[in-house]
file data.cif (mmCIF, C-alpha atoms)
data_query
loop_
_atom_site.label_atom_id
_atom_site.label_comp_id
_atom_site.auth_asym_id
_atom_site.auth_seq_id
_atom_site.Cartn_x
_atom_site.Cartn_y
_atom_site.Cartn_z
CA MET A 11 88.68 68.53 96.11
CA SER A 12 86.86 70.79 98.55
CA GLN A 13 84.84 73.66 97.20
CA SER A 14 85.46 77.32 97.90
CA PRO A 15 82.59 79.27 99.55
CA THR A 16 81.73 80.84 96.17
CA GLN A 17 81.70 77.44 94.52
CA HIS A 18 79.55 76.03 97.27
CA ALA A 19 77.05 78.90 96.93
CA GLU A 20 77.00 78.40 93.15
CA THR A 21 76.37 74.68 93.53
CA LEU A 22 73.32 75.47 95.67
CA VAL A 23 72.01 78.07 93.20
CA ILE A 24 72.50 75.64 90.31
CA ALA A 25 70.57 72.94 92.17
CA ALA A 26 67.74 75.44 92.82
CA ILE A 27 67.65 76.43 89.14
CA LEU A 28 67.46 72.79 88.07
CA ALA A 29 64.69 72.24 90.61
CA GLY A 30 62.59 74.89 88.87
CA ASN A 31 63.71 78.29 90.21
CA THR A 32 64.92 79.17 86.76
CA HIS A 33 64.90 82.93 87.38
CA LEU A 34 67.93 82.48 89.69
CA PHE A 35 70.00 82.01 86.54
CA HIS A 36 70.09 85.81 86.23
CA ASP A 37 71.97 86.03 89.55
CA LEU A 38 74.20 83.07 88.81
CA ILE A 39 75.71 84.70 85.73
CA ARG A 40 76.00 88.31 86.90
CA PRO A 41 79.59 87.95 88.19
CA TYR A 42 80.69 86.67 84.76
CA GLU A 43 78.94 89.06 82.39
CA ARG A 44 81.83 91.44 82.14
CA THR A 45 84.74 89.07 81.75
CA VAL A 46 82.96 86.86 79.21
CA PHE A 47 82.31 89.96 77.11
CA SER A 48 85.93 91.09 77.43
CA MET A 49 87.15 87.72 76.25
CA ALA A 50 84.74 87.58 73.30
CA MET A 51 85.67 91.14 72.35
CA ALA A 52 89.41 90.44 72.43
CA LEU A 53 88.92 87.32 70.32
CA LEU A 54 86.50 88.71 67.74
CA ARG A 55 87.36 92.43 67.83
CA ASN A 56 83.79 93.40 67.02
CA PRO A 57 81.36 94.52 69.75
CA GLN A 58 78.21 93.29 67.98
CA GLU A 59 79.66 89.84 67.38
CA ALA A 60 81.07 89.73 70.88
CA GLU A 61 77.64 90.49 72.29
CA ASP A 62 76.09 87.75 70.14
CA VAL A 63 78.67 85.29 71.43
CA VAL A 64 77.92 86.28 75.03
CA GLN A 65 74.15 85.81 74.57
CA GLU A 66 74.66 82.48 72.87
CA THR A 67 77.07 81.37 75.62
CA PHE A 68 74.67 82.13 78.45
CA LEU A 69 71.70 80.60 76.62
CA LYS A 70 73.69 77.41 76.02
CA ALA A 71 74.75 77.40 79.67
CA LEU A 72 71.10 77.67 80.73
CA ARG A 73 69.94 74.96 78.33
CA ASN A 74 72.76 72.59 79.30
CA LEU A 75 73.00 73.39 82.99
CA HIS A 76 71.92 69.84 83.86
CA THR A 77 75.13 68.55 82.24
CA PHE A 78 77.37 70.72 84.45
CA ARG A 79 79.39 68.65 86.90
CA ALA A 80 80.46 70.27 90.14
CA GLU A 81 84.03 68.88 89.92
CA ALA A 82 84.78 71.85 87.66
CA ARG A 83 84.26 75.47 88.60
CA PHE A 84 81.17 76.99 87.00
CA SER A 85 83.35 79.78 85.57
CA THR A 86 85.66 77.28 83.85
CA TRP A 87 82.69 75.53 82.30
CA LEU A 88 81.20 78.84 81.18
CA VAL A 89 84.45 80.08 79.70
CA SER A 90 84.86 76.85 77.73
CA ILE A 91 81.42 77.38 76.18
CA ALA A 92 82.30 81.00 75.31
CA LEU A 93 85.64 79.97 73.84
CA ASN A 94 84.02 77.34 71.60
CA GLU A 95 81.36 79.81 70.53
CA ALA A 96 83.96 82.45 69.62
CA ARG A 97 86.11 79.89 67.80
CA SER A 98 83.21 78.67 65.69
CA ARG A 99 82.45 82.29 64.68
CA LEU A 100 86.08 82.84 63.76
CA ARG A 101 86.08 79.73 61.61
CA GLY A 102 83.13 81.12 59.69
CA ARG A 103 84.97 84.31 58.87
CA ARG A 104 86.68 85.04 55.60
CA ASP A 105 89.66 86.53 57.35
CA PHE A 106 89.95 83.51 59.59
CA GLU A 107 93.11 83.64 61.62
CA SER A 108 94.64 80.22 61.75
CA LEU A 109 95.16 78.89 65.23
CA ASP A 110 98.48 77.51 64.04
CA ASP A 111 99.85 80.93 63.17
CA ASP A 112 103.17 81.81 64.72
CA SER A 113 103.31 78.53 66.55
CA ASP A 114 107.09 78.52 66.78
CA GLU A 115 107.10 78.26 70.53
CA THR A 116 110.71 77.19 70.78
CA ARG A 117 112.22 80.49 69.71
CA ARG A 118 113.42 82.54 72.64
CA ILE A 119 111.59 85.79 73.05
CA ALA A 120 113.46 88.70 74.59
CA PRO A 121 111.70 91.37 76.60
CA GLU A 122 112.09 95.09 76.12
CA LEU A 123 115.22 96.08 78.01
CA LEU A 124 114.77 98.81 80.56
CA CYS A 125 117.04 100.21 83.20
CA ASP A 126 114.32 101.27 85.56
CA TRP A 127 110.58 101.17 85.79
CA ARG A 128 108.29 103.40 87.74
CA GLU A 129 104.87 101.99 88.49
CA VAL A 130 102.16 103.18 86.10
CA PRO A 131 99.08 103.72 88.29
CA SER A 132 95.71 102.36 87.22
CA GLU A 133 94.29 105.90 87.09
CA VAL A 134 95.75 106.14 83.57
CA LEU A 135 92.88 103.84 82.53
CA GLU A 136 90.55 106.82 82.84
CA ARG A 137 92.02 107.92 79.54
CA LEU A 138 90.39 106.48 76.43
CA GLU A 139 93.59 106.44 74.40
CA ILE A 140 95.31 104.33 77.06
CA ARG A 141 92.46 101.81 77.14
CA LYS A 142 92.69 101.66 73.35
CA LEU A 143 96.43 101.09 73.51
CA LEU A 144 95.89 98.11 75.83
CA THR A 145 92.94 96.53 74.02
CA GLU A 146 94.78 96.75 70.71
CA ALA A 147 97.90 95.18 72.16
CA VAL A 148 95.86 92.26 73.50
CA ALA A 149 93.69 91.92 70.38
CA GLU A 150 96.75 91.82 68.14
CA LEU A 151 98.48 88.97 69.94
CA PRO A 152 98.58 85.88 67.70
CA MET A 153 95.49 83.80 68.42
CA ILE A 154 97.14 80.93 70.30
CA TYR A 155 98.75 83.38 72.72
CA ARG A 156 95.71 85.62 72.96
CA GLU A 157 93.47 82.73 74.02
CA VAL A 158 95.69 81.58 76.82
CA PHE A 159 96.30 85.14 77.99
CA LEU A 160 92.56 85.86 78.20
CA LEU A 161 91.76 82.66 80.09
CA ARG A 162 94.48 83.30 82.61
CA GLU A 163 94.47 87.07 83.08
CA ILE A 164 90.90 88.09 82.30
CA GLU A 165 88.95 85.00 83.30
CA GLU A 166 91.40 84.14 86.09
CA LEU A 167 91.49 80.44 85.31
CA SER A 168 94.38 78.48 86.80
CA ILE A 169 97.09 77.01 84.57
CA SER A 170 95.47 73.56 84.67
CA GLU A 171 91.95 74.93 84.12
CA SER A 172 93.27 76.85 81.11
CA ALA A 173 94.88 73.67 79.78
CA GLN A 174 91.57 71.86 80.20
CA ALA A 175 89.55 74.60 78.47
CA LEU A 176 91.96 74.70 75.52
CA SER A 177 92.57 70.92 75.37
CA ILE A 178 96.33 71.45 75.47
CA SER A 179 99.01 70.38 77.95
CA VAL A 180 99.95 72.33 81.06
CA ALA A 181 103.45 72.75 79.60
CA SER A 182 102.00 74.37 76.45
CA VAL A 183 99.89 76.73 78.54
CA LYS A 184 103.01 77.86 80.40
CA VAL A 185 105.02 78.40 77.21
CA ARG A 186 102.23 80.29 75.45
CA LEU A 187 101.46 82.38 78.48
CA HIS A 188 105.09 83.34 78.86
CA ARG A 189 105.26 84.41 75.22
CA ALA A 190 102.00 86.35 75.46
CA ARG A 191 103.20 88.24 78.52
CA ILE A 192 106.61 89.06 77.07
CA MET A 193 105.00 90.17 73.78
CA LEU A 194 102.83 92.60 75.72
CA GLN A 195 105.78 93.83 77.76
CA ARG A 196 107.79 94.45 74.57
CA ARG A 197 105.00 96.32 72.94
CA LEU A 198 103.60 98.26 75.86
CA ALA A 199 106.56 99.04 78.10
CA PRO A 200 108.04 101.71 75.79
CA GLN A 201 104.63 103.35 75.36
CA LEU A 202 103.54 103.17 78.98
CA ARG A 203 106.72 104.30 80.67
CA ARG A 204 106.04 107.85 79.53
CA LEU A 205 102.94 107.79 81.74
CA ALA A 206 104.65 107.00 85.01
CA PRO A 207 104.52 109.80 87.53
CA LYS A 208 107.54 112.04 87.22
CA ARG A 209 110.07 111.82 89.95
CA ARG A 210 109.78 114.73 92.26
CA ARG A 211 112.59 117.12 91.87
CA PHE A 212 113.42 119.28 94.78
CA LEU A 213 115.06 122.48 93.74
CA TRP A 214 116.81 123.77 96.75
CA MET B 7 125.34 78.94 91.23
CA VAL B 8 124.92 82.22 89.41
CA ILE B 9 122.34 82.67 86.67
CA ASP B 10 122.50 85.08 83.75
CA CYS B 11 119.90 87.61 82.58
CA LYS B 12 118.55 85.46 79.75
CA HIS B 13 117.87 82.67 82.20
CA VAL B 14 115.82 85.14 84.25
CA TRP B 15 113.86 86.41 81.22
CA ASP B 16 112.81 82.86 80.35
CA ARG B 17 111.30 82.42 83.79
CA ILE B 18 109.52 85.73 84.33
CA SER B 19 106.11 84.24 83.65
CA GLU B 20 106.61 81.33 86.04
CA PHE B 21 108.02 83.71 88.62
CA LEU B 22 104.86 85.82 88.40
CA ASP B 23 102.68 82.72 88.70
CA ASP B 24 104.77 81.54 91.65
CA SER B 25 105.21 78.19 89.95
CA LEU B 26 109.01 77.91 90.13
CA SER B 27 110.74 75.45 92.42
CA PRO B 28 111.95 77.06 95.67
CA GLU B 29 115.58 76.70 94.47
CA SER B 30 114.94 78.40 91.12
CA ARG B 31 112.96 81.12 92.80
CA GLU B 32 115.75 81.84 95.23
CA LEU B 33 118.37 81.97 92.47
CA MET B 34 116.18 84.37 90.55
CA GLN B 35 115.54 86.54 93.56
CA LYS B 36 119.28 86.80 94.21
CA HIS B 37 119.86 87.85 90.63
CA LEU B 38 117.06 90.42 90.80
CA GLU B 39 118.53 91.99 93.90
CA HIS B 40 121.57 93.23 92.04
CA CYS B 41 120.37 93.42 88.40
CA GLU B 42 118.50 96.64 87.63
CA VAL B 43 117.64 95.59 84.10
CA CYS B 44 115.97 92.32 85.11
CA SER B 45 114.17 94.04 87.98
CA ALA B 46 112.80 96.66 85.60
CA ILE B 47 111.67 93.95 83.16
CA LEU B 48 109.93 92.02 85.91
CA ASP B 49 108.27 95.14 87.36
CA SER B 50 107.12 96.39 83.97
CA THR B 51 105.68 93.00 83.03
CA ARG B 52 103.80 92.76 86.31
CA ASN B 53 102.54 96.34 85.97
CA ILE B 54 101.39 95.77 82.38
CA LEU B 55 99.52 92.59 83.34
CA ILE B 56 97.69 94.40 86.12
CA LEU B 57 96.70 97.20 83.74
CA THR B 58 95.51 94.93 80.92
CA ALA B 59 93.47 92.78 83.31
CA ASP B 60 91.71 95.81 84.80
CA GLU B 61 87.99 95.58 84.23
CA ARG B 62 87.86 99.13 82.90
CA VAL B 63 89.94 98.19 79.84
CA PHE B 64 87.26 96.45 77.80
CA GLU B 65 84.24 98.71 77.93
CA LEU B 66 80.79 97.19 77.86
CA PRO B 67 78.47 98.49 75.13
CA LEU B 68 75.63 100.68 76.38
CA GLY B 69 72.65 98.56 77.43
CA TYR B 70 74.66 95.35 77.20
CA SER B 71 73.52 93.85 80.50
CA GLU B 72 69.87 94.79 79.96
CA ARG B 73 69.82 93.13 76.53
CA LEU B 74 71.48 90.00 77.88
CA HIS B 75 69.04 89.59 80.75
CA ALA B 76 66.05 90.37 78.53
CA ARG B 77 67.14 87.57 76.17
CA ILE B 78 67.55 85.17 79.09
CA GLU B 79 64.17 86.15 80.50
CA GLU B 80 62.61 85.41 77.11
CA GLU B 81 64.19 81.95 77.20
CA ILE B 82 63.04 81.30 80.77
CA ARG B 83 59.47 82.31 79.89
CA SER B 84 59.46 79.98 76.91
CA TYR B 85 59.96 77.06 79.34
CA ARG B 86 56.76 77.92 81.14
CA ASP B 87 54.58 77.95 78.04
#
call {"tool": "encode", "arguments": {"input": "data.cif", "output": "structure tokens"}}
result
Amino acid sequence: MSQSPTQHAETLVIAAILAGNTHLFHDLIRPYERTVFSMAMALLRNPQEAEDVVQETFLKALRNLHTFRAEARFSTWLVSIALNEARSRLRGRRDFESLDDDSDETRRIAPELLCDWREVPSEVLERLEIRKLLTEAVAELPMIYREVFLLREIEELSISESAQALSISVASVKVRLHRARIMLQRRLAPQLRRLAPKRRRFLW
Amino acid sequence: MVIDCKHVWDRISEFLDDSLSPESRELMQKHLEHCEVCSAILDSTRNILILTADERVFELPLGYSERLHARIEEEIRSYRD
């Protein structure tokens, strides 16, 4: 498979780091700092723990960089490390959420029925309460759906990369992703539709 | 062939990922053209995904990046000693 320009540039930076220009690691990870934190935060729901997971992830990536194989994207490799790190923290918790919870993936899930939808612009994200609404909706998805949602939507992994990172089949990724998306639509559509810009009314 | 609303709901995710077969996609598109409910469901789902994936949603703690790079720098320096 041919590499994208970004991948090619990353391959060169990784080679330089392994050859001794270790400080280049700072630049290598900058594009991923934010999304890895978002994922850790949505999985652990605690900023301190999320930050610990991020630090541990990047340190492991640095220490094990020589094991990275360029067939995979660097981001996929990184996200797999972060996912394992977050999972091992969750296992250590008293309130451990089982990964098997709500695994009835065969049940049909119906979306929230609407007759019309007016686009909610991203400016609404300036409001703290809206950001809170969204983070809570994501953080409260059952774990198996939350993981796949984060890999796909936040980390922008492909379906097959997500399957690889989670060690599940492509078919399972599709089913879980569908359920995650519909769950969010059900929960958020009624709350967000109030925020859509009002239709202009011309009073002649 | 005509498809019903439930059939469309089950394929919203694949529709958004553009991973349906051309035939299924066309059937769905035809349905969406005349079904306001399914169109609203598709539009709302797409809109909600765009909002939740926005990088402003999960805020970074103050000083997050500085702490991360300081920790990495510490590790890098330890290699030199």
call {"tool": "closest_atom_pairs", "arguments": {"input": "data.cif", "of": "chain A", "to": "chain B", "cutoff": "8 Å", "atoms": "all atoms listed in the file", "output": "JSON lines"}}
result
{"residue": "A:Thr32", "atom": "CA", "partner": "B:Ile82", "partner_atom": "CA", "distance": 6.6}
{"residue": "A:His33", "atom": "CA", "partner": "B:Ile82", "partner_atom": "CA", "distance": 7.1}
{"residue": "A:His36", "atom": "CA", "partner": "B:His75", "partner_atom": "CA", "distance": 6.7}
{"residue": "A:Glu43", "atom": "CA", "partner": "B:Ser71", "partner_atom": "CA", "distance": 7.5}
{"residue": "A:Arg44", "atom": "CA", "partner": "B:Leu66", "partner_atom": "CA", "distance": 7.2}
{"residue": "A:Thr45", "atom": "CA", "partner": "B:Glu61", "partner_atom": "CA", "distance": 7.7}
{"residue": "A:Phe47", "atom": "CA", "partner": "B:Leu66", "partner_atom": "CA", "distance": 7.4}
{"residue": "A:Ser48", "atom": "CA", "partner": "B:Phe64", "partner_atom": "CA", "distance": 5.5}
{"residue": "A:Met51", "atom": "CA", "partner": "B:Phe64", "partner_atom": "CA", "distance": 7.8}
{"residue": "A:Pro57", "atom": "CA", "partner": "B:Pro67", "partner_atom": "CA", "distance": 7.3}
{"residue": "A:Glu61", "atom": "CA", "partner": "B:Tyr70", "partner_atom": "CA", "distance": 7.5}
{"residue": "A:Val64", "atom": "CA", "partner": "B:Leu74", "partner_atom": "CA", "distance": 8.0}
{"residue": "A:Gln65", "atom": "CA", "partner": "B:Leu74", "partner_atom": "CA", "distance": 6.0}
{"residue": "A:Phe68", "atom": "CA", "partner": "B:Ile78", "partner_atom": "CA", "distance": 7.8}
{"residue": "A:Leu69", "atom": "CA", "partner": "B:Ile78", "partner_atom": "CA", "distance": 6.6}
{"residue": "A:Arg118", "atom": "CA", "partner": "B:Asp16", "partner_atom": "CA", "distance": 7.7}
{"residue": "A:Ile119", "atom": "CA", "partner": "B:Asp16", "partner_atom": "CA", "distance": 8.0}
{"residue": "A:Ala120", "atom": "CA", "partner": "B:Trp15", "partner_atom": "CA", "distance": 7.0}
{"residue": "A:Pro121", "atom": "CA", "partner": "B:Ile47", "partner_atom": "CA", "distance": 7.0}
{"residue": "A:Glu122", "atom": "CA", "partner": "B:Ile47", "partner_atom": "CA", "distance": 7.1}
{"residue": "A:Leu123", "atom": "CA", "partner": "B:Val43", "partner_atom": "CA", "distance": 6.6}
{"residue": "A:Leu124", "atom": "CA", "partner": "B:Val43", "partner_atom": "CA", "distance": 5.6}
{"residue": "A:Cys125", "atom": "CA", "partner": "B:Val43", "partner_atom": "CA", "distance": 4.7}
{"residue": "A:Asp126", "atom": "CA", "partner": "B:Ala46", "partner_atom": "CA", "distance": 4.9}
{"residue": "A:Trp127", "atom": "CA", "partner": "B:Ala46", "partner_atom": "CA", "distance": 5.0}
{"residue": "A:Glu129", "atom": "CA", "partner": "B:Asn53", "partner_atom": "CA", "distance": 6.6}
{"residue": "A:Val130", "atom": "CA", "partner": "B:Asn53", "partner_atom": "CA", "distance": 6.9}
{"residue": "A:Ser132", "atom": "CA", "partner": "B:Leu57", "partner_atom": "CA", "distance": 6.3}
{"residue": "A:Leu135", "atom": "CA", "partner": "B:Arg62", "partner_atom": "CA", "distance": 6.9}
{"residue": "A:Arg141", "atom": "CA", "partner": "B:Val63", "partner_atom": "CA", "distance": 5.2}
{"residue": "A:Lys142", "atom": "CA", "partner": "B:Val63", "partner_atom": "CA", "distance": 7.9}
{"residue": "A:Leu144", "atom": "CA", "partner": "B:Thr58", "partner_atom": "CA", "distance": 6.0}
{"residue": "A:Thr145", "atom": "CA", "partner": "B:Val63", "partner_atom": "CA", "distance": 6.8}
{"residue": "A:Val148", "atom": "CA", "partner": "B:Thr58", "partner_atom": "CA", "distance": 7.9}
{"residue": "A:Glu163", "atom": "CA", "partner": "B:Ala59", "partner_atom": "CA", "distance": 5.8}
{"residue": "A:Ile164", "atom": "CA", "partner": "B:Ala59", "partner_atom": "CA", "distance": 5.4}
{"residue": "A:Lys184", "atom": "CA", "partner": "B:Glu20", "partner_atom": "CA", "distance": 7.5}
{"residue": "A:Leu187", "atom": "CA", "partner": "B:Ser19", "partner_atom": "CA", "distance": 7.2}
{"residue": "A:His188", "atom": "CA", "partner": "B:Ser19", "partner_atom": "CA", "distance": 5.0}
{"residue": "A:Arg191", "atom": "CA", "partner": "B:Thr51", "partner_atom": "CA", "distance": 7.0}
{"residue": "A:Ile192", "atom": "CA", "partner": "B:Thr51", "partner_atom": "CA", "distance": 7.2}
{"residue": "A:Leu194", "atom": "CA", "partner": "B:Ile54", "partner_atom": "CA", "distance": 7.5}
{"residue": "A:Gln195", "atom": "CA", "partner": "B:Thr51", "partner_atom": "CA", "distance": 5.3}
{"residue": "A:Leu198", "atom": "CA", "partner": "B:Ile54", "partner_atom": "CA", "distance": 7.3}
{"residue": "A:Ala199", "atom": "CA", "partner": "B:Ser50", "partner_atom": "CA", "distance": 6.5}
call {"tool": "atom_distance", "arguments": {"input": "data.cif", "atom1": "atom CA of A:Pro15", "atom2": "atom CA of A:Phe84"}}
result
12.8 Å
call {"tool": "atom_distance", "arguments": {"input": "data.cif", "atom1": "atom CA of A:Ala71", "atom2": "atom CA of A:Ile91"}}
result
7.5 Å
call {"tool": "atom_distance", "arguments": {"input": "data.cif", "atom1": "atom CA of A:Val185", "atom2": "atom CA of A:Ser98"}}
result
24.7 Å
call {"tool": "residues_around", "arguments": {"input": "data.cif", "residues": "A:Ala82", "least_positions_apart": "3", "cutoff": "10 Å", "atoms": "all atoms listed in the file", "output": "PyMOL selection string"}}
result
chain A and resi 11+13+17+78-79+85-87+171
call {"tool": "resolve_selection", "arguments": {"input": "data.cif", "expression": "the PyMOL selection byres ((chain B and resi 31) around 12)", "output": "list in words"}}
result
Ile9, His13, Val14, Arg17, Ile18, Ser19, Glu20, Phe21, Leu22, Asp23, Asp24, Ser25, Leu26, Ser27, Pro28, Glu29, Ser30, Glu32, Leu33, Met34, Gln35, Lys36, His37 and Leu38 of chain B
call {"tool": "residues_around", "arguments": {"input": "data.cif", "residues": "A:Ser170", "least_positions_apart": "2", "cutoff": "9 Å", "atoms": "only C-alpha atoms", "output": "PyMOL selection string"}}
result
chain A and resi 167-168+172-175+179-180+183
call {"tool": "closest_residue", "arguments": {"input": "data.cif", "among": "A:Leu100, A:Val89, A:Val63, A:Ile169", "to": "A:Ala181", "atoms": "only C-alpha atoms"}}
result
A:Ile169
call {"tool": "axis_aligned_box", "arguments": {"input": "data.cif", "around": "stretch 46-58 of chain A", "padding_each_side": "6 Å", "output": "lines of an AutoDock Vina configuration file"}}
result
center_x = 83.8
center_y = 90.7
center_z = 73.1
size_x = 23.2
size_y = 19.7
size_z = 24.2
call {"tool": "residues_near_point", "arguments": {"input": "data.cif", "point": "(86.8, 86.3, 72.2)", "cutoff": "9 Å", "atoms": "all atoms listed in the file", "output": "JSON list (two decimals) with C-alpha atoms, keeping the file's coordinate frame"}}
result
[["chain", "number", "residue", "atom", "x", "y", "z"],
["A", 46, "VAL", "CA", 82.96, 86.86, 79.21],
["A", 47, "PHE", "CA", 82.31, 89.96, 77.11],
["A", 48, "SER", "CA", 85.93, 91.09, 77.43],
["A", 49, "MET", "CA", 87.15, 87.72, 76.25],
["A", 50, "ALA", "CA", 84.74, 87.58, 73.30],
["A", 51, "MET", "CA", 85.67, 91.14, 72.35],
["A", 52, "ALA", "CA", 89.41, 90.44, 72.43],
["A", 53, "LEU", "CA", 88.92, 87.32, 70.32],
["A", 54, "LEU", "CA", 86.50, 88.71, 67.74],
["A", 55, "ARG", "CA", 87.36, 92.43, 67.83],
["A", 60, "ALA", "CA", 81.07, 89.73, 70.88],
["A", 63, "VAL", "CA", 78.67, 85.29, 71.43],
["A", 92, "ALA", "CA", 82.30, 81.00, 75.31],
["A", 93, "LEU", "CA", 85.64, 79.97, 73.84],
["A", 95, "GLU", "CA", 81.36, 79.81, 70.53],
["A", 96, "ALA", "CA", 83.96, 82.45, 69.62],
["A", 97, "ARG", "CA", 86.11, 79.89, 67.80],
["A", 156, "ARG", "CA", 95.71, 85.62, 72.96],
["A", 157, "GLU", "CA", 93.47, 82.73, 74.02],
["A", 160, "LEU", "CA", 92.56, 85.86, 78.20]]
call {"tool": "decode", "arguments": {"input": "data.cif", "residues": "stretch 15-27 of chain B", "atoms": "N, CA and C atoms", "output": "PDB file, in the first residue's frame"}}
result
ATOM      1  N   TRP B  15     -33.331   3.157   8.362  1.00  0.00           N
ATOM      2  CA  TRP B  15     -32.716   3.431   9.671  1.00  0.00           C
ATOM      3  C   TRP B  15     -31.553   2.486   9.951  1.00  0.00           C
ATOM      4  N   ASP B  16     -31.715   1.222   9.525  1.00  0.00           N
ATOM      5  CA  ASP B  16     -30.667   0.229   9.786  1.00  0.00           C
ATOM      6  C   ASP B  16     -29.395   0.491   8.983  1.00  0.00           C
ATOM      7  N   ARG B  17     -29.518   1.347   7.992  1.00  0.00           N
ATOM      8  CA  ARG B  17     -28.348   1.571   7.121  1.00  0.00           C
ATOM      9  C   ARG B  17     -27.794   2.986   7.170  1.00  0.00           C
ATOM     10  N   ILE B  18     -28.272   3.766   8.125  1.00  0.00           N
ATOM     11  CA  ILE B  18     -27.831   5.168   8.218  1.00  0.00           C
ATOM     12  C   ILE B  18     -26.310   5.267   8.394  1.00  0.00           C
ATOM     13  N   SER B  19     -25.798   4.434   9.279  1.00  0.00           N
ATOM     14  CA  SER B  19     -24.376   4.480   9.582  1.00  0.00           C
ATOM     15  C   SER B  19     -23.538   4.143   8.340  1.00  0.00           C
ATOM     16  N   GLU B  20     -23.937   3.099   7.641  1.00  0.00           N
ATOM     17  CA  GLU B  20     -23.197   2.713   6.430  1.00  0.00           C
ATOM     18  C   GLU B  20     -23.352   3.754   5.335  1.00  0.00           C
ATOM     19  N   PHE B  21     -24.521   4.376   5.304  1.00  0.00           N
ATOM     20  CA  PHE B  21     -24.748   5.448   4.331  1.00  0.00           C
ATOM     21  C   PHE B  21     -23.768   6.591   4.594  1.00  0.00           C
ATOM     22  N   LEU B  22     -23.627   6.957   5.864  1.00  0.00           N
ATOM     23  CA  LEU B  22     -22.728   8.056   6.232  1.00  0.00           C
ATOM     24  C   LEU B  22     -21.269   7.707   5.952  1.00  0.00           C
ATOM     25  N   ASP B  23     -20.933   6.427   6.105  1.00  0.00           N
ATOM     26  CA  ASP B  23     -19.555   5.993   5.831  1.00  0.00           C
ATOM     27  C   ASP B  23     -19.331   5.721   4.351  1.00  0.00           C
ATOM     28  N   ASP B  24     -20.380   5.844   3.559  1.00  0.00           N
ATOM     29  CA  ASP B  24     -20.320   5.558   2.134  1.00  0.00           C
ATOM     30  C   ASP B  24     -19.840   4.128   1.869  1.00  0.00           C
ATOM     31  N   SER B  25     -20.329   3.202   2.697  1.00  0.00           N
ATOM     32  CA  SER B  25     -19.871   1.820   2.525  1.00  0.00           C
ATOM     33  C   SER B  25     -20.982   0.894   2.036  1.00  0.00           C
ATOM     34  N   LEU B  26     -22.066   1.466   1.529  1.00  0.00           N
ATOM     35  CA  LEU B  26     -23.146   0.651   0.964  1.00  0.00           C
ATOM     36  C   LEU B  26     -22.813   0.300  -0.487  1.00  0.00           C
ATOM     37  N   SER B  27     -23.429  -0.765  -0.976  1.00  0.00           N
ATOM     38  CA  SER B  27     -23.265  -1.089  -2.395  1.00  0.00           C
ATOM     39  C   SER B  27     -23.972   0.000  -3.201  1.00  0.00           C
TER      40      SER B  27
END
